file model-v8.csv (CSV, C-alpha atoms)
chain,number,residue,atom,x,y,z
A,1,LYS,CA,-70.4,59.3,12.8
A,2,GLN,CA,-68.5,58.4,9.7
A,3,VAL,CA,-67.0,55.5,7.8
A,4,VAL,CA,-63.3,55.1,8.8
A,5,ILE,CA,-62.5,51.7,7.2
A,6,ASP,CA,-62.5,51.1,3.4
A,7,ARG,CA,-63.8,48.0,1.7
A,8,PHE,CA,-60.5,46.2,2.1
A,9,GLY,CA,-60.2,46.8,5.8
A,10,GLN,CA,-57.7,49.7,5.6
A,11,TRP,CA,-57.8,52.9,7.7
A,12,LEU,CA,-59.2,55.7,5.6
A,13,GLY,CA,-57.6,58.5,7.5
A,14,THR,CA,-54.0,57.8,6.4
A,15,ASN,CA,-52.2,57.2,3.1
A,16,TRP,CA,-48.9,55.4,2.8
A,17,PRO,CA,-46.7,54.3,-0.1
A,18,GLY,CA,-48.2,51.4,-1.9
A,19,LYS,CA,-51.6,51.7,-0.3
A,20,PRO,CA,-54.3,50.4,-2.8
A,21,HIS,CA,-57.4,52.6,-3.2
A,22,ASN,CA,-59.4,50.3,-5.4
A,23,GLU,CA,-59.6,46.7,-6.6
A,24,THR,CA,-57.4,47.4,-9.7
A,25,GLU,CA,-54.6,48.8,-7.5
A,26,LEU,CA,-55.0,45.9,-5.0
A,27,LYS,CA,-54.7,43.3,-7.7
A,28,ARG,CA,-51.6,45.1,-9.0
A,29,VAL,CA,-50.0,44.7,-5.6
A,30,TRP,CA,-50.8,41.1,-5.5
A,31,LYS,CA,-49.4,40.5,-8.9
A,32,MET,CA,-46.1,42.2,-7.9
A,33,GLU,CA,-45.9,39.9,-4.9
A,34,ASP,CA,-46.5,36.8,-7.0
A,35,ALA,CA,-43.7,37.9,-9.4
A,36,GLN,CA,-41.3,38.3,-6.5
A,37,GLN,CA,-41.9,35.0,-4.8
A,38,HIS,CA,-39.7,32.0,-5.4
A,39,PRO,CA,-41.4,28.6,-5.4
A,40,ASP,CA,-39.6,26.3,-3.0
A,41,ASP,CA,-40.6,22.7,-2.6
A,42,LYS,CA,-38.0,21.9,0.0
A,43,LYS,CA,-39.7,20.5,3.1
A,44,THR,CA,-37.0,21.5,5.6
A,45,THR,CA,-34.2,24.1,5.6
A,46,HIS,CA,-30.9,22.5,6.3
A,47,LEU,CA,-28.0,24.4,7.8
A,48,THR,CA,-25.4,25.5,5.1
A,49,GLU,CA,-22.6,24.1,7.2
A,50,ALA,CA,-23.9,21.4,9.6
A,51,PRO,CA,-21.8,20.9,12.7
A,52,PHE,CA,-22.6,17.2,12.8
A,53,ALA,CA,-24.5,14.4,11.1
A,54,GLY,CA,-27.4,13.1,13.1
A,55,ASN,CA,-29.4,10.0,13.0
A,56,ALA,CA,-31.8,9.7,10.0
A,57,THR,CA,-34.8,8.4,11.9
A,58,GLY,CA,-37.4,9.6,9.4
A,59,PHE,CA,-38.9,12.0,12.1
A,60,PHE,CA,-37.9,15.1,13.9
A,61,HIS,CA,-36.2,14.4,17.2
A,62,THR,CA,-33.6,15.8,19.5
A,63,GLU,CA,-29.9,14.9,19.9
A,64,GLU,CA,-27.1,16.1,22.2
A,65,HIS,CA,-23.8,17.0,20.7
A,66,ASP,CA,-20.9,18.6,22.6
A,67,GLY,CA,-23.1,19.5,25.5
A,68,ARG,CA,-25.8,21.2,23.3
A,69,TRP,CA,-29.2,19.8,22.4
A,70,TRP,CA,-30.4,20.1,18.8
A,71,PHE,CA,-33.4,19.6,16.7
A,72,VAL,CA,-32.6,17.0,14.1
A,73,ASP,CA,-34.8,16.4,11.1
A,74,GLY,CA,-35.8,13.0,9.6
A,75,GLU,CA,-32.9,13.0,7.3
A,76,GLY,CA,-30.4,13.4,10.1
A,77,ALA,CA,-29.6,17.1,9.5
A,78,PRO,CA,-29.4,19.6,12.4
A,79,PHE,CA,-32.4,21.9,12.3
A,80,ILE,CA,-32.8,25.4,13.8
A,81,SER,CA,-36.5,26.1,13.8
A,82,ILE,CA,-37.5,29.6,12.7
A,83,GLY,CA,-41.3,29.6,13.1
A,84,MET,CA,-44.2,31.9,12.5
A,85,ASP,CA,-47.2,31.3,14.7
A,86,CYS,CA,-50.9,32.2,14.0
A,87,VAL,CA,-50.7,31.5,10.3
A,88,ASN,CA,-54.5,31.4,10.0
A,89,MET,CA,-57.5,33.4,8.9
A,90,THR,CA,-59.0,34.3,12.3
A,91,MET,CA,-58.9,38.0,11.9
A,92,ASP,CA,-62.4,38.8,12.9
A,93,THR,CA,-63.4,42.4,13.8
A,94,PRO,CA,-66.5,43.0,15.9
A,95,VAL,CA,-68.9,45.4,14.4
A,96,GLU,CA,-72.0,45.2,16.6
A,97,GLY,CA,-73.0,48.7,17.8
A,98,ARG,CA,-70.5,50.4,15.5
A,99,GLU,CA,-71.7,49.4,12.1
A,100,PHE,CA,-71.5,53.0,10.9
A,101,LEU,CA,-67.7,52.7,10.9
A,102,PHE,CA,-67.6,50.1,8.1
A,103,PRO,CA,-68.7,50.3,4.5
A,104,ASN,CA,-70.8,47.6,2.8
A,105,LEU,CA,-70.7,45.2,5.7
A,106,LEU,CA,-70.6,41.5,4.9
A,107,LEU,CA,-71.5,40.2,8.3
A,108,GLU,CA,-70.5,36.8,9.4
A,109,GLN,CA,-71.9,35.0,12.5
A,110,HIS,CA,-72.3,36.9,15.7
A,111,GLY,CA,-71.7,40.4,14.2
A,112,PHE,CA,-68.1,40.0,13.0
A,113,ILE,CA,-66.4,40.8,9.7
A,114,ASN,CA,-63.2,39.2,8.5
A,115,TYR,CA,-61.6,41.5,5.9
A,116,TYR,CA,-58.6,39.3,5.6
A,117,LYS,CA,-60.7,36.3,4.5
A,118,GLU,CA,-62.8,38.5,2.1
A,119,ASN,CA,-59.6,39.7,0.5
A,120,ILE,CA,-58.3,36.2,0.1
A,121,LYS,CA,-61.6,35.2,-1.7
A,122,LEU,CA,-61.1,38.2,-3.9
A,123,ARG,CA,-57.6,37.3,-4.7
A,124,TYR,CA,-58.3,33.6,-5.3
A,125,PRO,CA,-61.8,33.4,-6.8
A,126,GLY,CA,-63.4,30.0,-7.2
A,127,VAL,CA,-63.8,26.9,-5.0
A,128,THR,CA,-60.1,26.4,-4.6
A,129,TRP,CA,-59.4,29.6,-2.8
A,130,MET,CA,-58.5,27.9,0.4
A,131,GLU,CA,-55.9,25.6,-1.2
A,132,GLN,CA,-54.4,28.6,-3.1
A,133,TRP,CA,-54.1,30.6,0.1
A,134,LYS,CA,-52.4,27.7,1.8
A,135,ALA,CA,-49.8,27.3,-1.0
A,136,ALA,CA,-49.2,31.1,-1.0
A,137,GLN,CA,-48.4,31.0,2.7
A,138,TYR,CA,-45.7,28.4,2.1
A,139,ARG,CA,-44.1,30.6,-0.6
A,140,ARG,CA,-44.3,33.6,1.6
A,141,LEU,CA,-42.7,32.0,4.6
A,142,HIS,CA,-39.9,30.5,2.6
A,143,ASP,CA,-39.2,33.9,1.0
A,144,TRP,CA,-39.2,35.5,4.5
A,145,GLY,CA,-36.7,33.0,5.9
A,146,PHE,CA,-39.1,30.9,8.0
A,147,ASN,CA,-39.0,27.1,8.1
A,148,THR,CA,-41.7,26.2,10.6
A,149,ILE,CA,-45.5,26.7,10.8
A,150,ALA,CA,-45.7,27.4,14.5
A,151,ASN,CA,-48.5,27.2,17.1
A,152,TRP,CA,-52.1,28.4,16.7
A,153,SER,CA,-51.9,28.1,12.9
A,154,ASP,CA,-54.6,26.7,10.7
A,155,GLU,CA,-54.9,23.0,11.1
A,156,ARG,CA,-54.9,22.6,7.3
A,157,PHE,CA,-51.1,23.0,7.4
A,158,SER,CA,-50.8,19.6,9.1
A,159,TYR,CA,-52.4,17.9,6.0
A,160,MET,CA,-49.8,17.0,3.5
A,161,PRO,CA,-47.4,19.6,4.9
A,162,LYS,CA,-44.5,21.1,3.0
A,163,MET,CA,-42.8,22.6,6.1
A,164,ALA,CA,-42.1,21.6,9.7
A,165,PHE,CA,-45.1,22.3,11.9
A,166,THR,CA,-46.2,22.1,15.5
A,167,VAL,CA,-49.5,20.9,17.1
A,168,ASN,CA,-51.3,22.5,20.0
A,169,ALA,CA,-51.9,19.9,22.7
A,170,GLU,CA,-53.9,21.3,25.6
A,171,LEU,CA,-52.3,19.3,28.3
A,172,GLY,CA,-52.7,21.9,31.0
A,173,ARG,CA,-56.5,22.1,30.8
A,174,SER,CA,-58.4,20.9,33.8
A,175,TRP,CA,-61.7,21.8,35.4
A,176,LYS,CA,-60.1,21.6,38.8
A,177,ARG,CA,-57.9,24.7,39.3
A,178,TRP,CA,-56.4,26.7,42.1
A,179,GLN,CA,-56.3,30.4,41.3
A,180,GLU,CA,-56.0,29.7,37.6
A,181,PHE,CA,-53.4,27.0,38.1
A,182,PRO,CA,-54.4,23.3,37.5
A,183,ASP,CA,-54.3,20.9,40.3
A,184,VAL,CA,-51.5,18.8,38.8
A,185,TYR,CA,-51.9,16.2,41.7
A,186,SER,CA,-55.5,15.4,41.0
A,187,GLU,CA,-56.7,12.3,39.3
A,188,GLU,CA,-58.8,14.4,36.9
A,189,PHE,CA,-55.7,16.3,35.7
A,190,GLN,CA,-53.7,13.1,35.1
A,191,LYS,CA,-56.6,11.6,33.1
A,192,SER,CA,-57.1,14.8,31.0
A,193,VAL,CA,-53.4,14.9,30.1
A,194,ARG,CA,-53.3,11.2,29.2
A,195,ASP,CA,-56.5,11.5,27.0
A,196,GLU,CA,-55.3,14.6,25.2
A,197,ALA,CA,-51.8,13.1,24.6
A,198,GLN,CA,-53.2,9.9,23.2
A,199,LYS,CA,-55.7,11.7,20.9
A,200,LYS,CA,-53.0,14.0,19.4
A,201,CYS,CA,-50.2,11.5,19.3
A,202,LYS,CA,-52.3,8.9,17.5
A,203,LYS,CA,-53.4,11.4,14.9
A,204,TYR,CA,-49.9,12.6,14.0
A,205,ALA,CA,-47.9,9.4,14.8
A,206,ASN,CA,-46.7,8.9,11.2
A,207,GLU,CA,-46.2,12.6,10.3
A,208,SER,CA,-42.5,13.1,9.5
A,209,LEU,CA,-42.6,16.9,9.5
A,210,LEU,CA,-44.2,17.2,12.9
A,211,LEU,CA,-41.6,19.2,15.0
A,212,GLY,CA,-43.4,18.8,18.3
A,213,TYR,CA,-46.4,19.6,20.5
A,214,PHE,CA,-47.0,22.9,22.0
A,215,ILE,CA,-48.5,22.4,25.5
A,216,GLY,CA,-48.8,25.8,27.0
A,217,ASN,CA,-48.3,29.6,26.8
A,218,GLU,CA,-48.0,32.3,29.4
A,219,GLU,CA,-49.2,30.1,32.2
A,220,HIS,CA,-50.4,31.9,35.3
A,221,TRP,CA,-48.6,31.2,38.5
A,222,ALA,CA,-51.0,31.3,41.5
A,223,ASP,CA,-50.5,33.1,44.7
A,224,ARG,CA,-48.3,31.5,47.4
A,225,ASP,CA,-51.3,30.1,49.4
A,226,PHE,CA,-52.4,27.9,46.5
A,227,ILE,CA,-49.9,25.2,47.8
A,228,HIS,CA,-51.8,25.2,51.1
A,229,LEU,CA,-55.1,24.8,49.2
A,230,ILE,CA,-53.8,21.8,47.3
A,231,LEU,CA,-52.3,20.0,50.3
A,232,THR,CA,-55.4,20.4,52.4
A,233,ASP,CA,-57.8,19.4,49.6
A,234,GLU,CA,-59.8,16.3,50.4
A,235,LYS,CA,-60.7,15.4,46.9
A,236,PRO,CA,-58.4,13.1,44.9
call {"tool": "encode", "arguments": {"input": "model-v8.csv", "output": "structure tokens"}}
result
Amino acid sequence: KQVVIDRFGQWLGTNWPGKPHNETELKRVWKMEDAQQHPDDKKTTHLTEAPFAGNATGFFHTEEHDGRWWFVDGEGAPFISIGMDCVNMTMDTPVEGREFLFPNLLLEQHGFINYYKENIKLRYPGVTWMEQWKAAQYRRLHDWGFNTIANWSDERFSYMPKMAFTVNAELGRSWKRWQEFPDVYSEEFQKSVRDEAQKKCKKYANESLLLGYFIGNEEHWADRDFIHLILTDEKP
């Protein structure tokens, strides 16, 4: 048994160009990144040569032009969304039963450690570390060519956003399911969809940078006999 992870969450068994081995080297890497970033306050990224001028509604919407559907931003410019999902800090690593692998454990709830969050706090000391992290992600994404905060990202990006973003609306959730597929004909499913849509739409109704709502991912299609189960179900 031996420690295989360093204090920054890196694998000890391998070296690579630029790998920091101590706090001084890590801060040097961060300083280099800061120097290379270009602050960009633009809220959306317009096409260099827009194929048409859309309607300036103040909100993202869709329009059809020459048989093709486009995103159009609030200013009426065509918009091609290039998004990064999972922009968040949920990088927890379970340590229960294998504590010997990790040095100087800083355990969080339920036996997990989040090296990413600990490194963020080290990079941005003080009470404003969360706001500084958020601002840094906007700079990074702009520099990397992204223009959208996509699904499963930290909800803080929907507060005073500087970039188009999406919201996760769990419209497919229902307690009544057939082989992992919701009973879309049930009264309960209709009510859950309506309640979730009203809650999310009300919250973001006036947000001009909301690109849209993400309602599902990798849905499971049931076996063929699930149709028979639905049609013969006696409950509404």
call {"tool": "closest_residue", "arguments": {"input": "model-v8.csv", "among": "A:Ile230, A:Leu101, A:Leu47, A:Ala164", "to": "Asp6 (chain A)", "atoms": "all atoms listed in the file"}}
result
A:Leu101
call {"tool": "closest_atom_pairs", "arguments": {"input": "model-v8.csv", "of": "region 129-169 of chain A", "to": "region 193-203 of chain A", "cutoff": "12 Å", "atoms": "only C-alpha atoms", "output": "tab-separated table"}}
result
residue	atom	partner	partner_atom	distance
A:Ser158	CA	A:Lys203	CA	10.4
A:Tyr159	CA	A:Lys203	CA	11.1
A:Thr166	CA	A:Lys200	CA	11.3
A:Val167	CA	A:Lys200	CA	8.1
A:Asn168	CA	A:Lys200	CA	8.7
A:Ala169	CA	A:Glu196	CA	6.8
call {"tool": "atom_distance", "arguments": {"input": "model-v8.csv", "atom1": "CA of Phe165 (chain A)", "atom2": "CA of Asn151 (chain A)"}}
result
7.9 Å
call {"tool": "closest_residue", "arguments": {"input": "model-v8.csv", "among": "A:Glu118, A:His228, A:Ala77, A:Phe59", "to": "Glu207 (chain A)", "atoms": "all atoms listed in the file"}}
result
A:Phe59
call {"tool": "atom_distance", "arguments": {"input": "model-v8.csv", "atom1": "CA of Pro20 (chain A)", "atom2": "CA of Phe157 (chain A)"}}
result
29.4 Å
call {"tool": "residues_around", "arguments": {"input": "model-v8.csv", "residues": "Pro103 (chain A)", "least_positions_apart": "4", "cutoff": "9 Å", "atoms": "all atoms listed in the file", "output": "list in words"}}
result
Val3, Val4, Ile5, Asp6, Arg7 and Glu99 of chain A
call {"tool": "residues_near_point", "arguments": {"input": "model-v8.csv", "point": "(-42.0, 18.3, 20.2)", "cutoff": "10 Å", "atoms": "all atoms listed in the file", "output": "ChimeraX atom specification"}}
result
/A:60-62,71,165-167,210-215
call {"tool": "write_last_selection", "arguments": {"input": "model-v8.csv", "atoms": "C-alpha atoms", "output": "mmCIF file, keeping the file's coordinate frame"}}
result
data_model
loop_
_atom_site.group_PDB
_atom_site.id
_atom_site.type_symbol
_atom_site.label_atom_id
_atom_site.label_comp_id
_atom_site.auth_asym_id
_atom_site.auth_seq_id
_atom_site.Cartn_x
_atom_site.Cartn_y
_atom_site.Cartn_z
ATOM 1 C CA PHE A 60 -37.900 15.100 13.900
ATOM 2 C CA HIS A 61 -36.200 14.400 17.200
ATOM 3 C CA THR A 62 -33.600 15.800 19.500
ATOM 4 C CA PHE A 71 -33.400 19.600 16.700
ATOM 5 C CA PHE A 165 -45.100 22.300 11.900
ATOM 6 C CA THR A 166 -46.200 22.100 15.500
ATOM 7 C CA VAL A 167 -49.500 20.900 17.100
ATOM 8 C CA LEU A 210 -44.200 17.200 12.900
ATOM 9 C CA LEU A 211 -41.600 19.200 15.000
ATOM 10 C CA GLY A 212 -43.400 18.800 18.300
ATOM 11 C CA TYR A 213 -46.400 19.600 20.500
ATOM 12 C CA PHE A 214 -47.000 22.900 22.000
ATOM 13 C CA ILE A 215 -48.500 22.400 25.500
#
call {"tool": "residues_around", "arguments": {"input": "model-v8.csv", "residues": "Trp70 (chain A)", "least_positions_apart": "2", "cutoff": "12 Å", "atoms": "only C-alpha atoms", "output": "VMD selection string"}}
result
chain A and resid 50 to 55 60 to 68 72 to 73 76 to 81 211
call {"tool": "residues_near_point", "arguments": {"input": "model-v8.csv", "point": "(-59.9, 41.2, -1.8)", "cutoff": "10 Å", "atoms": "all atoms listed in the file", "output": "list in words"}}
result
Arg7, Phe8, Gly9, Asn22, Glu23, Leu26, Lys27, Trp30, Tyr115, Tyr116, Lys117, Glu118, Asn119, Ile120, Lys121, Leu122, Arg123, Tyr124 and Pro125 of chain A
call {"tool": "atom_distance", "arguments": {"input": "model-v8.csv", "atom1": "CA of Asp183 (chain A)", "atom2": "CA of Asn217 (chain A)"}}
result
17.1 Å
call {"tool": "closest_residue", "arguments": {"input": "model-v8.csv", "among": "A:Pro161, A:Gly83, A:Gly97, A:Gly13", "to": "Gly111 (chain A)", "atoms": "only C-alpha atoms"}}
result
A:Gly97
call {"tool": "closest_residue", "arguments": {"input": "model-v8.csv", "among": "A:Glu25, A:Glu188, A:Asp225, A:Asp34", "to": "Ala135 (chain A)", "atoms": "all atoms listed in the file"}}
result
A:Asp34
call {"tool": "closest_residue", "arguments": {"input": "model-v8.csv", "among": "A:Arg156, A:His38, A:His21, A:Arg173", "to": "Trp144 (chain A)", "atoms": "all atoms listed in the file"}}
result
A:His38
call {"tool": "decode", "arguments": {"input": "model-v8.csv", "residues": "region 110-125 of chain A", "atoms": "N, CA, C and O atoms", "output": "PDB file, in the first residue's frame"}}
result
ATOM      1  N   HIS A 110     -19.405  12.441   3.500  1.00  0.00           N
ATOM      2  CA  HIS A 110     -19.600  11.092   2.975  1.00  0.00           C
ATOM      3  C   HIS A 110     -18.329  10.483   2.380  1.00  0.00           C
ATOM      4  O   HIS A 110     -18.382   9.684   1.459  1.00  0.00           O
ATOM      5  N   GLY A 111     -17.158  10.879   2.881  1.00  0.00           N
ATOM      6  CA  GLY A 111     -15.929  10.234   2.457  1.00  0.00           C
ATOM      7  C   GLY A 111     -15.491  10.535   1.052  1.00  0.00           C
ATOM      8  O   GLY A 111     -15.035   9.636   0.327  1.00  0.00           O
ATOM      9  N   PHE A 112     -15.604  11.787   0.619  1.00  0.00           N
ATOM     10  CA  PHE A 112     -15.158  12.186  -0.705  1.00  0.00           C
ATOM     11  C   PHE A 112     -14.156  13.330  -0.579  1.00  0.00           C
ATOM     12  O   PHE A 112     -14.163  14.078   0.394  1.00  0.00           O
ATOM     13  N   ILE A 113     -13.309  13.468  -1.575  1.00  0.00           N
ATOM     14  CA  ILE A 113     -12.420  14.620  -1.644  1.00  0.00           C
ATOM     15  C   ILE A 113     -12.526  15.222  -3.041  1.00  0.00           C
ATOM     16  O   ILE A 113     -12.658  14.493  -4.040  1.00  0.00           O
ATOM     17  N   ASN A 114     -12.494  16.536  -3.104  1.00  0.00           N
ATOM     18  CA  ASN A 114     -12.600  17.252  -4.364  1.00  0.00           C
ATOM     19  C   ASN A 114     -11.319  18.060  -4.558  1.00  0.00           C
ATOM     20  O   ASN A 114     -11.205  19.188  -4.088  1.00  0.00           O
ATOM     21  N   TYR A 115     -10.343  17.460  -5.245  1.00  0.00           N
ATOM     22  CA  TYR A 115      -9.067  18.139  -5.456  1.00  0.00           C
ATOM     23  C   TYR A 115      -9.241  19.392  -6.321  1.00  0.00           C
ATOM     24  O   TYR A 115      -8.533  20.387  -6.138  1.00  0.00           O
ATOM     25  N   TYR A 116     -10.162  19.325  -7.248  1.00  0.00           N
ATOM     26  CA  TYR A 116     -10.378  20.489  -8.121  1.00  0.00           C
ATOM     27  C   TYR A 116     -10.800  21.701  -7.300  1.00  0.00           C
ATOM     28  O   TYR A 116     -10.251  22.798  -7.459  1.00  0.00           O
ATOM     29  N   LYS A 117     -11.757  21.515  -6.415  1.00  0.00           N
ATOM     30  CA  LYS A 117     -12.222  22.628  -5.588  1.00  0.00           C
ATOM     31  C   LYS A 117     -11.119  23.119  -4.654  1.00  0.00           C
ATOM     32  O   LYS A 117     -10.964  24.335  -4.439  1.00  0.00           O
ATOM     33  N   GLU A 118     -10.355  22.186  -4.093  1.00  0.00           N
ATOM     34  CA  GLU A 118      -9.261  22.596  -3.211  1.00  0.00           C
ATOM     35  C   GLU A 118      -8.218  23.407  -3.972  1.00  0.00           C
ATOM     36  O   GLU A 118      -7.671  24.390  -3.450  1.00  0.00           O
ATOM     37  N   ASN A 119      -7.955  23.033  -5.215  1.00  0.00           N
ATOM     38  CA  ASN A 119      -7.004  23.804  -6.023  1.00  0.00           C
ATOM     39  C   ASN A 119      -7.544  25.177  -6.370  1.00  0.00           C
ATOM     40  O   ASN A 119      -6.793  26.158  -6.444  1.00  0.00           O
ATOM     41  N   ILE A 120      -8.856  25.255  -6.596  1.00  0.00           N
ATOM     42  CA  ILE A 120      -9.473  26.559  -6.874  1.00  0.00           C
ATOM     43  C   ILE A 120      -9.315  27.485  -5.681  1.00  0.00           C
ATOM     44  O   ILE A 120      -8.975  28.666  -5.822  1.00  0.00           O
ATOM     45  N   LYS A 121      -9.556  26.956  -4.486  1.00  0.00           N
ATOM     46  CA  LYS A 121      -9.417  27.770  -3.275  1.00  0.00           C
ATOM     47  C   LYS A 121      -7.967  28.201  -3.068  1.00  0.00           C
ATOM     48  O   LYS A 121      -7.697  29.290  -2.540  1.00  0.00           O
ATOM     49  N   LEU A 122      -7.041  27.351  -3.471  1.00  0.00           N
ATOM     50  CA  LEU A 122      -5.634  27.708  -3.373  1.00  0.00           C
ATOM     51  C   LEU A 122      -5.284  28.803  -4.378  1.00  0.00           C
ATOM     52  O   LEU A 122      -4.512  29.720  -4.075  1.00  0.00           O
ATOM     53  N   ARG A 123      -5.883  28.726  -5.548  1.00  0.00           N
ATOM     54  CA  ARG A 123      -5.591  29.716  -6.595  1.00  0.00           C
ATOM     55  C   ARG A 123      -6.231  31.060  -6.295  1.00  0.00           C
ATOM     56  O   ARG A 123      -5.648  32.112  -6.569  1.00  0.00           O
ATOM     57  N   TYR A 124      -7.426  31.030  -5.723  1.00  0.00           N
ATOM     58  CA  TYR A 124      -8.146  32.267  -5.425  1.00  0.00           C
ATOM     59  C   TYR A 124      -8.453  32.338  -3.923  1.00  0.00           C
ATOM     60  O   TYR A 124      -9.584  32.099  -3.501  1.00  0.00           O
ATOM     61  N   PRO A 125      -7.472  32.649  -3.108  1.00  0.00           N
ATOM     62  CA  PRO A 125      -7.703  32.690  -1.663  1.00  0.00           C
ATOM     63  C   PRO A 125      -8.645  33.833  -1.281  1.00  0.00           C
ATOM     64  O   PRO A 125      -8.697  34.857  -1.941  1.00  0.00           O
TER      65      PRO A 125
END
